[in-house]
>>> print(open('protein00.csv').read())   # CSV, C-alpha atoms
chain,number,residue,atom,x,y,z
A,1,MET,CA,-17.2,35.4,-23.4
A,2,ALA,CA,-19.1,38.2,-21.7
A,3,ARG,CA,-22.8,38.2,-21.2
A,4,MET,CA,-25.0,40.4,-23.3
A,5,HIS,CA,-26.8,42.6,-20.8
A,6,THR,CA,-24.6,42.5,-17.7
A,7,ARG,CA,-21.1,43.4,-16.8
A,8,ARG,CA,-20.2,39.9,-15.6
A,9,ARG,CA,-18.3,37.2,-17.4
A,10,GLY,CA,-20.2,34.1,-18.5
A,11,SER,CA,-19.6,30.8,-16.9
A,12,SER,CA,-17.8,28.2,-19.0
A,13,GLY,CA,-19.8,25.1,-19.7
A,14,SER,CA,-18.7,21.6,-20.5
A,15,ASP,CA,-17.7,20.7,-24.0
A,16,LYS,CA,-19.1,17.8,-25.9
A,17,PRO,CA,-16.7,14.8,-26.2
A,18,VAL,CA,-14.8,14.7,-29.4
A,19,ALA,CA,-16.0,11.9,-31.6
A,20,ASP,CA,-15.9,11.1,-35.3
A,21,GLU,CA,-18.5,8.4,-35.4
A,22,ALA,CA,-21.4,7.1,-33.4
A,23,PRO,CA,-20.6,4.7,-30.5
A,24,GLU,CA,-20.8,0.9,-31.2
A,25,TRP,CA,-23.6,0.3,-28.7
A,26,SER,CA,-25.9,2.7,-30.7
A,27,ASP,CA,-26.2,0.9,-34.0
A,28,VAL,CA,-29.5,2.3,-35.3
A,29,ASP,CA,-30.0,2.8,-39.0
A,30,ALA,CA,-29.9,6.4,-40.2
A,31,GLU,CA,-33.2,6.0,-42.1
A,32,ASP,CA,-35.0,4.9,-38.9
A,33,ILE,CA,-33.6,7.9,-37.0
A,34,GLU,CA,-34.8,10.3,-39.7
A,35,ALA,CA,-38.2,8.7,-39.7
A,36,ARG,CA,-38.4,9.0,-35.9
A,37,VAL,CA,-37.3,12.7,-36.1
A,38,VAL,CA,-40.1,13.5,-38.6
A,39,GLU,CA,-42.6,11.6,-36.5
A,40,LEU,CA,-41.6,13.5,-33.4
A,41,ALA,CA,-41.8,16.8,-35.3
A,42,GLU,CA,-45.3,16.0,-36.5
A,43,GLN,CA,-46.3,15.5,-32.9
A,44,GLY,CA,-45.4,19.1,-32.3
A,45,ASN,CA,-41.9,18.8,-30.7
A,46,ASP,CA,-39.2,21.4,-31.2
A,47,PRO,CA,-35.8,20.3,-32.5
A,48,SER,CA,-34.2,20.4,-29.1
A,49,GLN,CA,-37.0,18.3,-27.6
A,50,ILE,CA,-36.5,15.8,-30.5
A,51,GLY,CA,-32.9,15.5,-29.6
A,52,LEU,CA,-33.7,14.9,-26.0
A,53,SER,CA,-36.3,12.3,-26.7
A,54,LEU,CA,-34.0,10.4,-29.1
A,55,ARG,CA,-31.3,10.5,-26.4
A,56,ASP,CA,-33.6,9.3,-23.6
A,57,GLU,CA,-36.1,7.0,-25.4
A,58,GLY,CA,-34.2,6.3,-28.6
A,59,VAL,CA,-35.3,4.5,-31.7
A,60,LYS,CA,-36.7,1.0,-31.3
A,61,GLY,CA,-35.4,1.0,-27.7
A,62,VAL,CA,-31.8,1.9,-28.6
A,63,PRO,CA,-30.8,5.4,-27.5
A,64,VAL,CA,-29.2,7.8,-30.0
A,65,PRO,CA,-26.6,9.9,-28.2
A,66,ASP,CA,-25.9,12.3,-31.1
A,67,VAL,CA,-28.2,12.6,-34.2
A,68,LYS,CA,-25.5,14.2,-36.3
A,69,LEU,CA,-22.9,11.5,-35.6
A,70,ALA,CA,-25.5,8.8,-36.4
A,71,THR,CA,-27.0,10.3,-39.6
A,72,GLY,CA,-24.4,12.8,-40.7
A,73,LYS,CA,-27.2,15.5,-40.6
A,74,LYS,CA,-28.5,17.9,-37.9
A,75,VAL,CA,-32.1,17.6,-36.7
A,76,THR,CA,-33.0,20.8,-38.4
A,77,THR,CA,-31.5,19.7,-41.7
A,78,ILE,CA,-33.6,16.5,-41.5
A,79,LEU,CA,-36.7,18.5,-40.8
A,80,GLU,CA,-36.0,20.9,-43.7
A,81,GLU,CA,-35.5,17.9,-46.1
A,82,ASN,CA,-38.8,16.4,-45.1
A,83,ASP,CA,-40.8,19.7,-45.1
A,84,ALA,CA,-41.4,19.5,-41.4
A,85,SER,CA,-39.4,22.4,-40.2
A,86,PRO,CA,-41.1,24.9,-37.9
A,87,ASP,CA,-42.2,28.4,-39.2
A,88,LEU,CA,-40.0,30.3,-36.7
A,89,PRO,CA,-36.5,29.3,-35.5
A,90,GLU,CA,-36.7,27.8,-32.1
A,91,ASP,CA,-34.5,30.4,-30.3
A,92,LEU,CA,-36.6,33.2,-31.7
A,93,ARG,CA,-39.9,31.5,-30.8
A,94,ASN,CA,-38.8,31.0,-27.2
A,95,LEU,CA,-37.8,34.6,-26.9
A,96,MET,CA,-41.0,35.8,-28.4
A,97,GLU,CA,-43.0,33.6,-25.9
A,98,ARG,CA,-41.0,35.1,-23.0
A,99,ALA,CA,-41.6,38.6,-24.3
A,100,VAL,CA,-45.4,38.0,-24.6
A,101,ARG,CA,-45.5,36.6,-21.1
A,102,LEU,CA,-43.6,39.6,-19.7
A,103,ARG,CA,-45.7,42.1,-21.6
A,104,GLU,CA,-48.9,40.5,-20.2
A,105,HIS,CA,-47.4,40.6,-16.7
A,106,MET,CA,-46.4,44.3,-17.2
A,107,GLU,CA,-50.0,45.2,-18.1
A,108,GLU,CA,-51.2,44.0,-14.7
A,109,ASN,CA,-48.1,45.2,-12.7
A,110,GLN,CA,-47.0,48.6,-14.2
A,111,GLN,CA,-44.7,49.4,-11.3
A,112,ASP,CA,-42.6,46.2,-11.7
A,113,LYS,CA,-39.4,47.9,-12.8
A,114,SER,CA,-37.2,44.8,-12.8
A,115,ASN,CA,-39.5,43.0,-15.2
A,116,ARG,CA,-39.7,46.1,-17.4
A,117,ARG,CA,-36.0,45.9,-17.8
A,118,ALA,CA,-36.2,42.2,-18.5
A,119,LEU,CA,-38.8,42.9,-21.2
A,120,GLN,CA,-36.5,45.5,-22.7
A,121,ASN,CA,-33.5,43.1,-22.7
A,122,THR,CA,-35.6,40.3,-24.2
A,123,GLU,CA,-37.0,42.5,-27.0
A,124,SER,CA,-33.5,43.7,-27.9
A,125,LYS,CA,-32.4,40.1,-28.2
A,126,ILE,CA,-35.4,39.4,-30.4
A,127,ARG,CA,-34.5,42.4,-32.6
A,128,ARG,CA,-31.0,41.2,-32.9
A,129,LEU,CA,-32.1,37.7,-33.9
A,130,VAL,CA,-34.6,39.1,-36.4
A,131,SER,CA,-31.9,41.0,-38.2
A,132,TYR,CA,-29.8,37.8,-38.2
A,133,TYR,CA,-32.6,35.6,-39.7
A,134,ARG,CA,-34.1,38.3,-42.0
A,135,GLY,CA,-34.0,37.2,-45.6
A,136,ASP,CA,-33.0,33.6,-44.8
A,137,LYS,CA,-35.7,32.2,-42.5
A,138,LEU,CA,-37.8,35.3,-42.2
A,139,ASP,CA,-39.2,37.7,-44.8
A,140,ASP,CA,-37.1,40.7,-45.9
A,141,ASP,CA,-39.6,43.2,-44.5
A,142,PHE,CA,-40.2,41.4,-41.2
A,143,THR,CA,-40.1,43.7,-38.1
A,144,TYR,CA,-40.8,42.6,-34.6
A,145,ASN,CA,-43.5,44.1,-32.4
A,146,TYR,CA,-45.8,42.7,-29.8
A,147,ASP,CA,-48.9,42.2,-32.0
A,148,VAL,CA,-46.8,40.4,-34.6
A,149,ALA,CA,-45.4,38.1,-31.9
A,150,VAL,CA,-48.9,37.3,-30.6
A,151,GLU,CA,-50.1,36.5,-34.1
A,152,LEU,CA,-47.2,34.3,-34.9
A,153,LEU,CA,-47.4,32.3,-31.7
A,154,GLU,CA,-51.1,31.6,-32.1
A,155,LYS,CA,-50.4,29.6,-35.3
>>> encode(input="protein00.csv", output="structure tokens")
Amino acid sequence: MARMHTRRRGSSGSDKPVADEAPEWSDVDAEDIEARVVELAEQGNDPSQIGLSLRDEGVKGVPVPDVKLATGKKVTTILEENDASPDLPEDLRNLMERAVRLREHMEENQQDKSNRRALQNTESKIRRLVSYYRGDKLDDDFTYNYDVAVELLEK
């Protein structure tokens, strides 16, 4: 698959191993995993950080290699069921944080043309994601601009 803002091809990454059920050495109860996911979310972790900490630290000392195999639900689904889901989707939030950082950098360094281009690319990715999430996870009339991004990220 090609990259979005260059003429190069993307590099292929490794695939997850095909598995239908959790490994035998990771025999943690699904309810314990869900409780730990909610606990980590209340501490302010994003869904990807929750998955990493469950993989590394585990639940009650037993690592959880894949939450979906162990519980049958994704981390975001568990968070939605327990009303602990974040206000913004994680990918959109990360792009907005990057755009705000780039905009602040551009205010100090107006002649930095490469970062001006990076800001344009980042904001186009944000607009593309906003149109994808609009109506589902965002309001129907949501439009992206710098002031809205700063306001949402301060929450």
>>> closest_residue(input="protein00.csv", among="A:Asp112, A:Asp32, A:Glu107, A:Glu97", to="A:Val148", atoms="all atoms listed in the file")
A:Glu97
>>> atom_distance(input="protein00.csv", atom1="atom CA of A:Asn109", atom2="atom CA of A:Val150")
19.6 Å
>>> residues_around(input="protein00.csv", residues="A:Lys68", least_positions_apart="3", cutoff="12 Å", atoms="only C-alpha atoms", output="PyMOL selection string")
chain A and resi 19-22+30+33-34+37+51+54+64-65+71-78
>>> residues_around(input="protein00.csv", residues="A:Val100", least_positions_apart="5", cutoff="12 Å", atoms="all atoms listed in the file", output="list in words")
Arg93, Asn94, Leu95, His105, Met106, Glu107, Ala118, Leu119, Gln120, Thr122, Glu123, Ile126, Tyr144, Asn145, Tyr146, Asp147, Val148, Ala149, Val150, Glu151, Leu152, Leu153 and Glu154 of chain A
>>> residues_around(input="protein00.csv", residues="A:Thr143", least_positions_apart="5", cutoff="12 Å", atoms="only C-alpha atoms", output="compact mmCIF listing (two decimals) with C-alpha atoms, in the frame of the given file")
# COMPACT_ATOMS: atom_id res chain seq x y z
CA GLU A 123 -37.00 42.50 -27.00
CA ILE A 126 -35.40 39.40 -30.40
CA ARG A 127 -34.50 42.40 -32.60
CA ARG A 128 -31.00 41.20 -32.90
CA LEU A 129 -32.10 37.70 -33.90
CA VAL A 130 -34.60 39.10 -36.40
CA SER A 131 -31.90 41.00 -38.20
CA TYR A 132 -29.80 37.80 -38.20
CA TYR A 133 -32.60 35.60 -39.70
CA ARG A 134 -34.10 38.30 -42.00
CA GLY A 135 -34.00 37.20 -45.60
CA LEU A 138 -37.80 35.30 -42.20
CA VAL A 148 -46.80 40.40 -34.60
CA ALA A 149 -45.40 38.10 -31.90
>>> axis_aligned_box(input="protein00.csv", around="stretch 107-116 of chain A", padding_each_side="8 Å", output="lines of an AutoDock Vina configuration file")
center_x = -44.2
center_y = 46.2
center_z = -14.7
size_x = 30.0
size_y = 22.4
size_z = 22.8
>>> closest_residue(input="protein00.csv", among="A:Asp46, A:Asp66, A:Glu39, A:Glu57", to="A:Asn82", atoms="all atoms listed in the file")
A:Glu39
>>> atom_distance(input="protein00.csv", atom1="atom CA of A:Thr6", atom2="atom CA of A:Asn121")
10.2 Å
>>> closest_residue(input="protein00.csv", among="A:Lys125, A:Lys16, A:Arg55, A:Lys113", to="A:Arg98", atoms="all atoms listed in the file")
A:Lys125
>>> atom_distance(input="protein00.csv", atom1="atom CA of A:Met96", atom2="atom CA of A:Val67")
27.1 Å
